Structures are given as C-alpha cells and as structure tokens.
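S.K.: Here you go, target-v3.cif (mmCIF, C-alpha atoms):
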```cif
data_coords
#
loop_
_atom_site.label_atom_id
_atom_site.label_comp_id
_atom_site.auth_asym_id
_atom_site.auth_seq_id
_atom_site.Cartn_x
_atom_site.Cartn_y
_atom_site.Cartn_z
CA MET I 21 0.00 0.00 0.00
CA ILE I 22 1.11 3.49 -0.79
CA GLU I 23 -1.30 5.42 1.46
CA PRO I 24 0.79 5.36 4.69
CA GLU I 25 3.79 6.88 2.88
CA LEU I 26 1.55 9.42 1.13
CA THR I 27 -0.09 10.38 4.43
CA ARG I 28 3.29 11.16 5.97
CA CYS I 29 4.37 12.98 2.84
CA VAL I 30 1.33 15.26 2.39
CA ALA I 31 1.51 16.39 6.02
CA SER I 32 4.94 17.85 5.22
CA PHE I 33 3.76 20.23 2.49
CA HIS I 34 0.00 20.68 3.03
CA PRO I 35 -0.49 22.05 6.56
CA GLY I 36 -3.48 20.58 8.33
CA ALA I 37 -3.76 17.56 6.05
CA THR I 38 -4.91 14.58 8.07
CA GLY I 39 -4.34 11.83 5.50
CA VAL I 40 -5.03 10.64 1.99
CA THR I 41 -7.86 8.65 0.48
CA GLY I 42 -8.75 6.90 -2.76
CA ALA I 43 -5.20 6.22 -3.94
CA ALA I 44 -5.33 4.37 -7.27
CA LYS I 45 -2.71 3.67 -9.91
CA LEU I 46 -3.70 5.26 -13.24
CA SER I 47 -0.87 3.92 -15.36
CA GLY I 48 2.44 2.34 -14.80
CA GLY I 49 5.31 0.97 -16.78
CA ALA I 50 8.24 -0.77 -15.15
CA SER I 51 10.01 2.45 -14.27
CA GLN I 52 7.32 5.11 -14.02
CA GLU I 53 3.91 5.26 -12.35
CA THR I 54 1.06 7.75 -12.10
CA TRP I 55 -1.28 7.67 -9.09
CA THR I 56 -4.39 9.66 -8.29
CA PHE I 57 -5.47 10.37 -4.70
CA ASP I 58 -7.22 12.93 -2.50
CA ILE I 59 -5.52 14.85 0.28
CA VAL I 60 -7.89 14.82 3.28
CA HIS I 61 -8.17 18.23 4.91
CA PRO I 62 -10.74 19.65 7.35
CA SER I 63 -11.49 22.52 4.95
CA GLY I 64 -12.14 20.14 2.03
CA ASN I 65 -10.32 17.39 0.16
CA VAL I 66 -7.82 18.31 -2.55
CA GLY I 67 -7.30 16.19 -5.67
CA ALA I 68 -3.69 15.28 -6.36
CA ILE I 69 -1.56 13.24 -8.75
CA LEU I 70 1.70 11.47 -7.92
CA ARG I 71 4.11 10.85 -10.75
CA ARG I 72 7.07 8.78 -9.67
CA ALA I 73 9.74 6.23 -10.37
CA PRO I 74 9.29 3.72 -7.52
CA PRO I 75 12.14 3.26 -5.03
CA GLY I 76 15.00 1.31 -6.56
CA TYR I 77 14.73 2.80 -10.04
CA GLY I 78 17.62 5.03 -10.96
CA ALA I 79 18.12 7.48 -13.79
CA ALA I 80 15.51 8.00 -16.47
CA PRO I 81 15.97 6.18 -19.81
CA GLY I 82 17.79 7.77 -22.77
CA ARG I 83 15.40 10.32 -24.20
CA ALA I 84 13.61 11.16 -20.96
CA ALA I 85 14.09 14.55 -19.35
CA GLY I 86 13.84 13.03 -15.86
CA LEU I 87 11.19 13.58 -13.23
CA ASP I 88 12.97 16.48 -11.53
CA ALA I 89 13.16 18.34 -14.85
CA GLU I 90 9.49 17.53 -15.52
CA ALA I 91 8.51 19.08 -12.20
CA THR I 92 10.56 22.20 -12.89
CA LEU I 93 9.06 22.64 -16.36
CA MET I 94 5.51 22.09 -15.15
CA GLN I 95 5.98 24.68 -12.42
CA LEU I 96 7.59 27.15 -14.87
CA ALA I 97 4.61 26.74 -17.21
CA HIS I 98 2.22 27.22 -14.30
CA ASP I 99 4.04 30.34 -13.14
CA ALA I 100 3.90 31.76 -16.69
CA GLY I 101 0.10 31.46 -16.66
CA LEU I 102 0.01 28.52 -19.07
CA PRO I 103 -2.52 25.73 -18.49
CA SER I 104 -0.39 23.52 -16.29
CA PRO I 105 -1.00 21.80 -12.96
CA LYS I 106 0.54 23.37 -9.88
CA VAL I 107 3.44 21.31 -8.57
CA MET I 108 2.69 20.74 -4.87
CA HIS I 109 5.79 18.84 -3.80
CA VAL I 110 8.95 17.33 -5.23
CA LEU I 111 9.69 14.00 -3.53
CA THR I 112 12.69 13.79 -1.20
CA PRO I 113 14.47 10.61 -0.08
CA GLU I 114 12.82 11.03 3.37
CA ASP I 115 9.39 10.56 1.74
CA GLY I 116 10.25 6.92 0.93
CA LEU I 117 8.21 7.13 -2.28
CA GLY I 118 11.01 7.06 -4.83
CA ARG I 119 11.74 9.94 -7.20
CA GLY I 120 9.08 12.18 -8.64
CA PHE I 121 6.58 14.82 -7.66
CA ILE I 122 3.01 15.51 -6.57
CA MET I 123 0.84 17.91 -8.55
CA ALA I 124 -2.68 19.27 -8.34
CA ARG I 125 -5.21 17.10 -10.17
CA VAL I 126 -6.90 18.91 -13.05
CA GLU I 127 -10.35 17.58 -13.99
CA GLY I 128 -11.11 16.99 -17.65
CA GLU I 129 -10.68 14.56 -20.53
CA THR I 130 -7.54 13.24 -22.26
CA ILE I 131 -9.10 10.53 -24.43
CA ALA I 132 -9.09 11.72 -28.03
CA ARG I 133 -12.17 9.86 -29.19
CA LYS I 134 -14.28 11.47 -26.48
CA ILE I 135 -12.84 14.94 -27.11
CA LEU I 136 -13.56 14.57 -30.84
CA ARG I 137 -17.03 13.00 -30.60
CA ASP I 138 -18.76 13.83 -27.30
CA GLU I 139 -21.36 16.60 -27.18
CA GLU I 140 -19.85 18.20 -24.06
CA PHE I 141 -16.77 19.23 -26.06
CA ALA I 142 -18.74 20.53 -29.08
CA LYS I 143 -18.16 24.17 -28.12
CA ALA I 144 -14.49 23.61 -27.29
CA ARG I 145 -13.50 21.86 -30.54
CA PRO I 146 -13.70 24.85 -32.92
CA MET I 147 -11.52 27.00 -30.65
CA LEU I 148 -8.95 24.42 -29.58
CA ALA I 149 -6.47 24.80 -32.44
CA ARG I 150 -6.11 28.53 -31.93
CA GLN I 151 -5.91 28.12 -28.17
CA LEU I 152 -3.23 25.43 -28.47
CA GLY I 153 -1.28 27.70 -30.84
CA ARG I 154 -1.13 30.29 -28.06
CA VAL I 155 -0.16 27.65 -25.50
CA ILE I 156 2.66 26.26 -27.65
CA ALA I 157 3.92 29.80 -28.17
CA GLY I 158 3.89 30.27 -24.41
CA ILE I 159 5.92 27.11 -23.90
CA HIS I 160 8.46 28.22 -26.50
CA GLY I 161 8.69 31.56 -24.75
CA LEU I 162 9.50 30.21 -21.28
CA PRO I 163 12.63 31.88 -19.92
CA GLN I 164 15.72 30.00 -21.11
CA ALA I 165 17.69 30.93 -18.02
CA LYS I 166 15.26 29.09 -15.76
CA LEU I 167 15.14 25.84 -17.76
CA PRO I 168 16.56 22.68 -16.19
CA GLN I 169 19.33 20.76 -17.90
CA LEU I 170 17.80 19.21 -21.06
CA ARG I 171 19.14 17.32 -24.06
CA SER I 172 19.30 19.35 -27.24
CA LEU I 173 17.98 18.07 -30.53
CA THR I 174 18.40 19.16 -34.13
CA ALA I 175 16.65 17.87 -37.25
CA THR I 176 19.88 16.24 -38.40
CA LYS I 177 20.35 14.41 -35.11
CA GLU I 178 16.72 13.25 -35.01
CA ILE I 179 16.98 11.85 -38.56
CA GLU I 180 20.08 9.85 -37.57
CA ASP I 181 18.48 8.66 -34.32
CA LEU I 182 15.41 7.42 -36.20
CA ALA I 183 17.55 5.80 -38.91
CA ARG I 184 19.62 3.97 -36.29
CA GLU I 185 16.56 2.75 -34.42
CA TYR I 186 14.86 1.62 -37.64
CA GLN I 187 17.99 -0.25 -38.72
CA SER I 188 18.20 -1.99 -35.35
CA PHE I 189 14.87 -3.73 -36.16
CA ASN I 190 16.51 -5.45 -39.15
CA TRP I 191 13.23 -5.50 -41.07
CA PRO I 192 13.23 -3.76 -44.47
CA ARG I 193 10.61 -1.08 -44.99
CA PRO I 194 10.94 0.68 -48.34
CA VAL I 195 8.47 3.42 -47.31
CA PHE I 196 10.51 4.26 -44.19
CA GLU I 197 13.63 4.36 -46.40
CA LEU I 198 11.84 6.76 -48.72
CA ALA I 199 10.92 8.97 -45.75
CA LEU I 200 14.48 8.92 -44.37
CA ARG I 201 15.85 9.83 -47.78
CA TRP I 202 13.30 12.68 -48.10
CA LEU I 203 14.17 13.97 -44.63
CA ARG I 204 17.90 13.97 -45.39
CA ASP I 205 17.29 15.74 -48.70
CA HIS I 206 15.03 18.35 -47.06
CA ASP I 207 16.86 18.84 -43.74
CA PRO I 208 16.39 22.57 -43.13
CA GLY I 209 19.52 22.77 -40.99
CA PRO I 210 19.76 24.26 -37.52
CA SER I 211 16.88 26.45 -36.47
CA SER I 212 17.64 30.18 -36.31
CA GLU I 213 15.94 30.13 -32.93
CA VAL I 214 16.40 27.42 -30.32
CA THR I 215 13.73 27.17 -27.60
CA LEU I 216 12.25 24.76 -25.11
CA VAL I 217 10.34 22.06 -27.03
CA HIS I 218 7.64 20.08 -25.20
CA GLY I 219 8.35 17.06 -27.38
CA ASP I 220 5.03 15.25 -27.04
CA PHE I 221 2.34 17.91 -27.47
CA ARG I 222 -0.70 15.89 -28.65
CA HIS I 223 -3.88 14.09 -27.57
CA GLY I 224 -3.36 12.10 -24.40
CA ASN I 225 -1.08 14.73 -22.93
CA LEU I 226 -3.65 17.54 -23.01
CA ILE I 227 -6.51 17.80 -20.50
CA ILE I 228 -9.52 19.26 -22.27
CA GLY I 229 -12.72 20.54 -20.70
CA PRO I 230 -15.92 21.94 -22.22
CA ASP I 231 -14.18 25.34 -21.94
CA GLY I 232 -11.06 24.28 -23.86
CA VAL I 233 -7.54 23.25 -22.84
CA ARG I 234 -7.03 23.04 -19.08
CA ALA I 235 -3.59 21.48 -18.71
CA VAL I 236 -0.54 20.35 -20.63
CA LEU I 237 0.95 17.16 -19.18
CA ASP I 238 3.90 14.84 -19.62
CA TRP I 239 7.12 16.74 -20.15
CA GLU I 240 9.06 13.46 -20.32
CA LEU I 241 10.34 14.15 -23.85
CA ALA I 242 11.07 17.84 -23.33
CA HIS I 243 14.29 19.13 -24.86
CA THR I 244 15.69 22.22 -26.50
CA GLY I 245 15.59 22.58 -30.26
CA ASP I 246 13.55 23.81 -33.22
CA PRO I 247 10.23 25.22 -31.94
CA MET I 248 8.53 24.12 -35.19
CA GLU I 249 8.94 20.50 -34.02
CA ASP I 250 6.01 20.81 -31.56
CA ILE I 251 3.78 22.35 -34.24
CA GLY I 252 4.59 19.62 -36.77
CA TRP I 253 4.06 16.86 -34.18
CA ILE I 254 0.51 17.92 -33.29
CA CYS I 255 -0.34 17.89 -37.03
CA VAL I 256 0.72 14.23 -37.48
CA ASN I 257 -2.19 12.22 -38.89
CA SER I 258 -1.88 9.57 -36.18
CA TRP I 259 -3.33 12.11 -33.69
CA ARG I 260 -6.42 12.89 -35.82
CA PHE I 261 -8.25 9.72 -34.83
CA GLY I 262 -10.13 9.40 -38.09
CA GLU I 263 -10.86 13.11 -38.59
CA ILE I 264 -8.21 13.29 -41.29
CA ASP I 265 -9.37 16.57 -42.84
CA LYS I 266 -8.73 18.45 -39.59
CA PRO I 267 -4.96 18.35 -39.35
CA VAL I 268 -4.63 19.66 -35.81
CA GLY I 269 -5.62 16.78 -33.53
CA GLY I 270 -8.70 15.99 -35.62
CA PHE I 271 -10.39 19.21 -34.41
CA GLY I 272 -8.77 22.18 -36.14
CA THR I 273 -6.95 23.76 -39.04
CA ARG I 274 -3.30 24.64 -39.44
CA GLU I 275 -4.42 28.22 -40.14
CA ASP I 276 -6.05 28.50 -36.70
CA LEU I 277 -3.09 26.87 -34.98
CA PHE I 278 -0.64 29.19 -36.74
CA ALA I 279 -2.85 32.22 -36.00
CA GLY I 280 -2.91 31.41 -32.30
CA TYR I 281 0.86 31.02 -32.32
CA ALA I 282 1.21 34.39 -34.06
CA GLU I 283 -1.19 36.09 -31.62
CA ALA I 284 1.30 35.27 -28.89
CA GLY I 285 3.96 37.16 -30.82
CA ARG I 286 5.77 34.25 -32.45
CA LYS I 287 6.20 33.32 -36.09
CA VAL I 288 5.46 30.00 -37.80
CA ASP I 289 7.67 28.66 -40.59
CA PRO I 290 5.20 26.44 -42.55
CA ASP I 291 7.95 24.62 -44.48
CA ARG I 292 9.69 23.61 -41.27
CA VAL I 293 6.36 22.55 -39.80
CA MET I 294 5.77 20.29 -42.82
CA PHE I 295 9.26 18.85 -42.43
CA TRP I 296 8.60 18.03 -38.77
CA GLU I 297 5.20 16.56 -39.65
CA VAL I 298 6.95 14.06 -41.95
CA MET I 299 9.56 13.42 -39.24
CA GLY I 300 6.82 12.95 -36.65
CA THR I 301 4.90 10.52 -38.84
CA LEU I 302 8.04 8.44 -39.31
CA ARG I 303 8.85 8.75 -35.62
CA TRP I 304 5.48 7.31 -34.60
CA GLY I 305 5.99 4.51 -37.15
CA VAL I 306 9.40 3.69 -35.67
CA MET I 307 7.86 3.80 -32.19
CA CYS I 308 5.21 1.28 -33.30
CA CYS I 309 7.99 -1.03 -34.51
CA GLY I 310 9.77 -0.50 -31.19
CA MET I 311 6.64 -1.64 -29.32
CA MET I 312 6.68 -4.83 -31.38
CA GLN I 313 10.36 -5.38 -30.46
CA ARG I 314 9.61 -4.96 -26.77
CA PHE I 315 6.71 -7.39 -27.13
CA ARG I 316 9.01 -9.98 -28.65
CA LEU I 317 12.16 -9.44 -26.60
CA GLY I 318 11.14 -7.69 -23.42
CA PRO I 319 9.24 -8.33 -20.25
CA ASP I 320 6.05 -6.70 -21.56
CA HIS I 321 4.64 -9.59 -23.59
CA SER I 322 1.21 -8.02 -24.03
CA MET I 323 -1.30 -8.20 -26.87
CA GLU I 324 -1.56 -4.42 -26.89
CA ARG I 325 2.12 -3.98 -27.66
CA ALA I 326 1.99 -6.70 -30.29
CA MET I 327 -0.96 -5.06 -32.00
CA ILE I 328 0.66 -1.61 -31.96
CA GLY I 329 3.38 -3.21 -34.10
CA ARG I 330 0.72 -3.73 -36.73
CA ARG I 331 -0.03 -0.01 -36.73
CA ALA I 332 3.29 0.90 -38.33
CA SER I 333 1.64 0.45 -41.72
CA GLU I 334 -0.73 3.31 -40.83
CA THR I 335 2.25 5.63 -40.82
CA GLU I 336 3.44 4.18 -44.13
CA ILE I 337 0.22 5.18 -45.88
CA ASP I 338 0.39 8.60 -44.21
CA LEU I 339 3.99 9.05 -45.35
CA LEU I 340 2.96 8.16 -48.91
CA ARG I 341 0.07 10.63 -48.70
CA LEU I 342 2.58 13.31 -47.69
CA LEU I 343 5.47 12.44 -50.03
CA ALA I 344 3.88 10.70 -53.02
CA PRO I 345 0.24 11.85 -53.16
CA ARG I 346 -1.83 10.17 -55.86
CA GLY I 347 -3.92 12.16 -58.32
CA LYS I 348 -7.54 12.49 -57.33
CA MET Z 454 -3.28 -33.10 -45.26
CA GLN Z 455 -4.84 -31.55 -42.18
CA ASP Z 456 -8.53 -31.93 -41.63
CA GLU Z 457 -11.31 -29.39 -41.59
CA PRO Z 458 -12.32 -26.93 -40.18
CA THR Z 459 -9.67 -24.57 -41.58
CA PRO Z 460 -7.65 -22.23 -39.33
CA THR Z 461 -9.69 -19.33 -40.71
CA GLU Z 462 -12.96 -20.99 -39.77
CA LEU Z 463 -11.70 -21.85 -36.28
CA ILE Z 464 -10.35 -18.38 -35.52
CA LYS Z 465 -13.47 -16.71 -36.86
CA ALA Z 466 -15.70 -18.92 -34.70
CA VAL Z 467 -13.67 -18.04 -31.58
CA ALA Z 468 -13.63 -14.32 -32.43
CA ASP Z 469 -17.38 -14.27 -33.02
CA PHE Z 470 -18.02 -16.04 -29.71
CA LEU Z 471 -15.82 -13.57 -27.81
CA ARG Z 472 -17.35 -10.60 -29.61
CA ASN Z 473 -21.01 -11.60 -29.27
CA GLU Z 474 -21.17 -13.51 -25.99
CA ILE Z 475 -18.23 -12.48 -23.81
CA ALA Z 476 -17.41 -8.86 -24.67
CA PRO Z 477 -20.80 -7.46 -23.57
CA ALA Z 478 -20.26 -8.95 -20.10
CA ILE Z 479 -16.69 -7.67 -19.52
CA LYS Z 480 -16.14 -4.11 -18.33
CA GLY Z 481 -13.16 -1.89 -17.58
CA HIS Z 482 -9.56 -2.58 -18.52
CA ASN Z 483 -10.16 -6.25 -19.22
CA GLY Z 484 -12.94 -5.22 -21.59
CA PHE Z 485 -10.44 -3.05 -23.44
CA LYS Z 486 -7.92 -5.90 -23.55
CA LEU Z 487 -10.58 -8.27 -24.82
CA ARG Z 488 -11.39 -5.92 -27.70
CA VAL Z 489 -7.68 -5.76 -28.57
CA GLY Z 490 -7.61 -9.57 -28.54
CA ILE Z 491 -10.64 -9.81 -30.81
CA ASN Z 492 -9.01 -7.30 -33.16
CA ALA Z 493 -5.92 -9.49 -33.24
CA LEU Z 494 -7.96 -12.57 -34.18
CA ASP Z 495 -9.75 -10.60 -36.91
CA LEU Z 496 -6.37 -9.44 -38.23
CA VAL Z 497 -5.10 -13.03 -38.38
CA THR Z 498 -8.25 -14.04 -40.28
CA ARG Z 499 -7.67 -11.26 -42.82
CA GLN Z 500 -4.01 -12.19 -43.17
CA LEU Z 501 -4.85 -15.85 -43.81
CA ALA Z 502 -7.29 -14.77 -46.51
CA LEU Z 503 -5.25 -12.04 -48.20
CA ALA Z 504 -1.53 -12.38 -47.58
CA GLN Z 505 -0.67 -15.06 -50.11
CA ALA Z 506 -2.12 -13.19 -53.10
CA GLY Z 507 -0.60 -9.92 -51.87
CA ASP Z 508 2.84 -11.44 -51.37
CA THR Z 509 2.78 -13.04 -54.82
CA THR Z 510 1.99 -9.81 -56.66
CA GLU Z 511 4.42 -7.85 -54.45
CA ALA Z 512 7.23 -10.26 -55.34
CA ALA Z 513 6.39 -10.02 -59.04
CA ARG Z 514 6.51 -6.20 -58.93
CA LEU Z 515 9.79 -6.24 -56.99
CA LYS Z 516 11.42 -8.64 -59.47
CA ALA Z 517 10.36 -6.39 -62.35
CA LEU Z 518 11.55 -3.22 -60.57
CA LEU Z 519 14.91 -4.66 -59.51
CA GLY Z 520 15.54 -7.03 -62.39
CA ALA Z 521 16.57 -9.61 -59.79
CA ASP Z 522 15.26 -12.72 -58.10
CA GLY Z 523 15.07 -13.69 -54.44
CA THR Z 524 12.79 -14.17 -51.47
CA LEU Z 525 10.35 -11.40 -50.55
CA MET Z 526 12.65 -10.43 -47.68
CA GLU Z 527 15.72 -10.30 -49.95
CA LEU Z 528 13.88 -8.28 -52.59
CA ASN Z 529 12.61 -5.79 -49.99
CA ARG Z 530 16.12 -5.44 -48.59
CA ALA Z 531 17.47 -4.78 -52.08
CA LEU Z 532 14.80 -2.15 -52.78
CA SER Z 533 15.40 -0.52 -49.39
CA GLU Z 534 19.13 -0.20 -50.15
CA LYS Z 535 18.44 1.31 -53.56
CA ILE Z 536 16.05 3.88 -52.09
CA ALA Z 537 18.54 4.74 -49.33
CA SER Z 538 21.37 5.23 -51.85
CA GLY Z 539 19.19 7.30 -54.15
CA GLU Z 540 19.61 4.81 -57.00
CA VAL Z 541 15.82 4.71 -57.31
CA ASP Z 542 13.35 7.41 -56.27
CA LEU Z 543 9.79 8.55 -56.86
CA THR Z 544 10.62 9.41 -60.48
CA THR Z 545 11.63 5.78 -61.17
CA PRO Z 546 8.90 4.24 -63.33
CA GLY Z 547 6.77 1.87 -61.28
CA LEU Z 548 8.19 2.76 -57.86
CA PRO Z 549 5.36 4.98 -56.55
CA GLU Z 550 2.77 2.52 -57.85
CA HIS Z 551 4.62 -0.37 -56.18
CA LEU Z 552 4.92 1.38 -52.81
CA TRP Z 553 1.27 2.40 -52.90
CA GLN Z 554 -0.01 -1.06 -53.84
CA THR Z 555 2.18 -2.79 -51.26
CA THR Z 556 1.06 -0.37 -48.54
CA MET Z 557 -2.62 -0.70 -49.48
CA ASP Z 558 -2.29 -4.50 -49.31
CA LYS Z 559 -0.74 -4.20 -45.82
CA LEU Z 560 -3.50 -1.91 -44.58
CA ALA Z 561 -6.16 -4.29 -45.94
CA VAL Z 562 -4.82 -6.79 -43.39
CA ASP Z 563 -3.62 -4.52 -40.57
CA GLN Z 564 -6.21 -1.72 -40.30
CA PRO Z 565 -8.92 -1.70 -42.98
CA ASN Z 566 -10.83 0.89 -40.96
CA TYR Z 567 -7.96 3.39 -40.91
CA ALA Z 568 -9.36 6.63 -42.33
CA SER Z 569 -6.42 7.31 -44.69
CA TYR Z 570 -6.83 3.83 -46.16
CA LYS Z 571 -10.56 4.20 -46.68
CA ARG Z 572 -9.98 7.58 -48.33
CA GLU Z 573 -7.34 6.14 -50.69
CA LEU Z 574 -9.55 3.18 -51.61
CA GLY Z 575 -11.99 5.74 -52.98
CA THR Z 576 -9.45 7.87 -54.87
CA LYS Z 577 -7.50 5.17 -56.66
#
```
Here is a file; write its structure as structure tokens.
M.R.:
Amino acid sequence: MIEPELTRCVASFHPGATGVTGAAKLSGGASQETWTFDIVHPSGNVGAILRRAPPGYGAAPGRAAGLDAEATLMQLAHDAGLPSPKVMHVLTPEDGLGRGFIMARVEGETIARKILRDEEFAKARPMLARQLGRVIAGIHGLPQAKLPQLRSLTATKEIEDLAREYQSFNWPRPVFELALRWLRDHDPGPSSEVTLVHGDFRHGNLIIGPDGVRAVLDWELAHTGDPMEDIGWICVNSWRFGEIDKPVGGFGTREDLFAGYAEAGRKVDPDRVMFWEVMGTLRWGVMCCGMMQRFRLGPDHSMERAMIGRRASETEIDLLRLLAPRGK
Amino acid sequence: MQDEPTPTELIKAVADFLRNEIAPAIKGHNGFKLRVGINALDLVTRQLALAQAGDTTEAARLKALLGADGTLMELNRALSEKIASGEVDLTTPGLPEHLWQTTMDKLAVDQPNYASYKRELGTK
C-alpha cells in the first residue's frame, strides 16, 4: 500500500492535512507510475496526482528529461500562466516514495475519441487549435535561463536517431527508407531560434474541458531545439483519430493553430512545420515497430504492444500521402 | 493433409463467440484488452485470406523493378538499399505505384478501418 507513505508525505507540504484517500494507480510501466489520490483536509479534500519512479529505479531512460526536470518545467509553465497543474511537492528521499513529484489534479478529458465526438466538447472543438497555438507559443517563450538541464535536438540528429533505431529492427521497410531519404534531402539545418520544445504535445497529454484546454501534461520528452517540431508533431495524422481533414488533432486547421501562435507574438515557418510533420509521422511509425520489439524481446509480452506493431503500416500510408500523393 | 475446419474458420468462430457472448459482459480494462484480442484474431483471419495473393503480386513487382530474383525479404532489402542510396526514387517508373499497392495491401490486413486507407480506396 502506498497510502501510509503518502499520508506522511502530504503532512509535510500541506499544513493541516490529516491523510489521503482513494489512492489508485492510473498507469504504470516498469520504471514510471502515475497515481491519483485525494488529500484529506478539514477545509475540504484536494485532488492530487503522484508521478514517480518507484524506489529502486535510478536514472531516467535515454530520451527522458527526468522527473525532476518535468517538475521544474511544469511549475515554470504554471508560473507563466500557461494551463499547467501546480506542482505541490517534489519527492525527497525522506518521503520513501522514490523519485518524482506531486501535482494538483486537473479535472477533464484526455481521451481523443471522447474529445472529438462527445457533445460536451462541441463548443471547445472549434476553438482548440487557436488556443493550443497560443499555449505552444507560451511554452516556447518560457525563460531560457530558468530551464533545467535538457538534451538538445536538431533535425539532423533526429533523422540519424530514427535511422539507427529503424535499422536496429533489421526488417526492411521501403516506405521508411523513402521517408528517411526525403528527410535527409530536405533537412532545413539548424533552427535560427532554439527554444524549449515540449516534445510530445498531442492528444493524451492535453486535459480538455468543455471550456477548452485546461492542462498540458507529460514533459518526459522535453528538450531544446527547433520550436517548429512541436507544431509539426501535433499535425501528425496519427493524432487525428479518423478526422483526417482536420490536421490539428482531428479538431482544427493549421491556419487556426498558426494564427494562435502568431497572436502570442511568435512566427510559424510552414515549411519547417511540414518537415517536422513528416519526421513525426516516421517517428510514430518507428515507435510502433519498437513496441513490437519490446513485445518480442522484453518483459512486456502483451497483446496491446503486439498489435501496436501492426499499426506501423498506418504511418506508411500517411507518409505516402505526404510524399507521393496520388492524383484524385 | 490436415482436416477441416480450416484455421480461418476456427479463428473466426472463436472471435465471433468472444465478440457476441463475452465482450458485452466484460467491463473496464479487461474489456479493453478483450477488444484488442478480438481485433488481433480478426487481423489473423484477414491475413490468412489475403496475404498469399498480396505477397505473390508484391514479389512479381519487386522482381520487375529490380531485375533480380530472391525471397520477398531479400527483394525488400534490395529495394530498401536502392532507395537509401538514391539509386531509385519517386521518379523511377513503377516505384510509386509499387509502394502504394504494397502499402494498401498491408492496410487491408492490418487496419482496414484506418481513415487514410478508406480515403485512398476511394481515390484510386
């Protein structure tokens, strides 16, 4: 049980808290878990989320920013007035809960199919793209001097990382080769401006309410690099969930997204966005193949992982639609 | 020779049972996992029905494109190397058509409900 440790922990940062209730694991891989619980307080319970690597797990894997960096970024975003949960506490060794942090729980929906289909989000959908444009601009404008230590990424490096990972699968995919070749031929070079990049700004990591976006989550893949990467990633067809004529998350247009970004005083480079959309499509395809590898080789021998391997072909058709469109 | 029923008939019978009798009674995360499992069985059924014809025509196109013989794996490796080196590209006669047909045949097995696939079926 986790509640005794949480009870001791919350008393240290939430004066008057008498305990916790309703602790439940929301998701968990081998090295990272997310828990929801309520802090019990005489003046009313407070919803909270624990994100942690359980005791005994060391440094974060290769691409991950690390939980301490995630907490810092989330708090920076919150302080800048962006939709971001307040960080309530960063775990210390005395807490006995491992590494990680506790944040305020934000109510809302993260499941794309509900956001795209349910009546309660009907009013939010038409305004989301513009709103998210402003939010992305806010993220890219966070003060560089306050950022934690993050890996830096360029287009050239990302192409080579994807190529290496694809080759490690030892399974020929002519469409992926075509995409890699296209990316190398169209590499725009280093960005004139290097900013914080969220790295995974898409459905699943955005809490949406009937009033629009309420929180940006999951800074695990945050890094510094070309700000256009985030804008290309949210346009990847894999995040449209069937609504393929609405390029931004299946709910909005590029024009609205770009306009929101510009309203916040930043400029979009549409060619670079297109480049990163191709990169993002290939990246999701490579990730699908990686799931299949972990299914076959790793400890997670689940049907879900196996079946995600069979979704790589979705990115192949999307790459062909981008790079070799057929006449109508 | 193995006896009847065929693998396709067996898998389809199991998938239909799970879909019609079991799925309505299972809620929560196991319900989600059950749907993934049923999807996997449906995929296997489609592959058993479609893969042989698709592989045969894919191999024929690859042999024509490359002017070489080999297994499907060897031919795909050879094409991949030629695309990577730039020896063939989208201006090479037959290459776009081959990549499109091969990809459409994969989607017909993997995800026939994928929106991009359904759109392309209509615009061929």
S.K.: One decimal, Å: what's the distance from CA of Met147 (chain I) over to CA of Pro230 (chain I), could you say?
M.R.: 10.8 Å
S.K.: Show me, as a list in words, the residues of chain Z whose atoms get within 6 Å of chain I, using only C-alpha atoms for the distance check.
M.R.: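 Filtering chain Z at 6 Å from chain I with only C-alpha atoms gives Asn529, Arg530, Ser533, Ala537, Asp563, Ala568 and Thr576 of chain Z.
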S.K.: Could you state which residues are captured by the PyMOL selection byres ((chain Z and resi 562) around 10) in this file, as a list in words?
M.R.: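 Selection result, ordered by chain and number: Arg330 and Ser333 of chain I; Asp495, Leu496, Val497, Thr498, Arg499, Gln500, Leu501, Ala502, Leu503, Ala504, Gly507, Met557, Asp558, Lys559, Leu560, Ala561, Asp563, Gln564 and Pro565 of chain Z.
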S.K.: Evaluated on this file, the PyMOL selection byres ((chain I and resi 206) around 12) picks out some residues - which ones are they, written as number ranges by chain?
M.R.: I: 175-176, 179, 199-205, 207-209, 291-292, 294-296, 298-299, 343
S.K.: Translate the PyMOL selection byres ((chain Z and resi 528) around 12), as applied to the file shown, into an explicit residue set as number ranges by chain.
M.R.: I: 191-194; Z: 508, 511-527, 529-535
S.K.: Looking at I:Leu226, I:Val306, I:Leu173, I:Leu167, which one is nearest to Gln151 (chain I), with distances taken over only C-alpha atoms?
M.R.: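 Of I:Leu226, I:Val306, I:Leu173, I:Leu167, the one nearest Gln151 (chain I), counting only C-alpha atoms, is I:Leu226.
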S.K.: Taking all atoms listed in the file into account, name the residue in Z:Arg572, Z:Asn566, Z:Thr555, Z:Glu550 that is nearest to Thr509 (chain Z).
M.R.: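 Of Z:Arg572, Z:Asn566, Z:Thr555, Z:Glu550, the one nearest Thr509 (chain Z), counting all atoms listed in the file, is Z:Thr555.
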S.K.: Which polymer residues, protein or nucleic acid, are no farther than 6 Å from (-12.0, -9.4, -35.5), counting all atoms listed in the file, as JSON, numbers by chain?
M.R.: {"Z": [491, 492, 494, 495]}
S.K.: Export, as a PDB file, in the coordinates of the input, the selected residues with C-alpha atoms.
M.R.:
```
ATOM      1  CA  ILE Z 491     -10.640  -9.810 -30.810  1.00  0.00           C
ATOM      2  CA  ASN Z 492      -9.010  -7.300 -33.160  1.00  0.00           C
ATOM      3  CA  LEU Z 494      -7.960 -12.570 -34.180  1.00  0.00           C
ATOM      4  CA  ASP Z 495      -9.750 -10.600 -36.910  1.00  0.00           C
TER       5      ASP Z 495
END
```
S.K.: Which protein, DNA or RNA residues have an atom at most 10 Å from (10.4, 9.4, -26.8), counting all atoms listed in the file? List them as a list in words.
M.R.: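 Within the cut-off we find Pro81, Gly82, Arg83, Ala84, Ala85, Gly219, Asp220, Glu240, Leu241, Ala242, Arg303, Trp304 and Met307 of chain I.
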S.K.: With distances taken over only C-alpha atoms, which of I:Thr130, I:Thr38, I:Ser47, I:Gln164 is nearest to Val217 (chain I)?
M.R.: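 Looking at the shortest contact to Val217 (chain I), the residue is I:Gln164.
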S.K.: So what do you get for CA of Lys571 (chain Z) versus CA of Val541 (chain Z), distance-wise?
M.R.: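 CA of Val541 (chain Z) lies 28.4 Å from CA of Lys571 (chain Z).
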S.K.: Report the distance between CA of Gly232 (chain I) and CA of Val268 (chain I) in Å, rounded to one decimal place.
M.R.: 14.3 Å
S.K.: Any idea what's packed within 10 Å of Arg472 (chain Z), counting only C-alpha atoms, ignoring anything in its chain fewer than 5 positions away? Could you give it as a ChimeraX atom specification?
M.R.: /Z:466-467,477,487-488,490-492
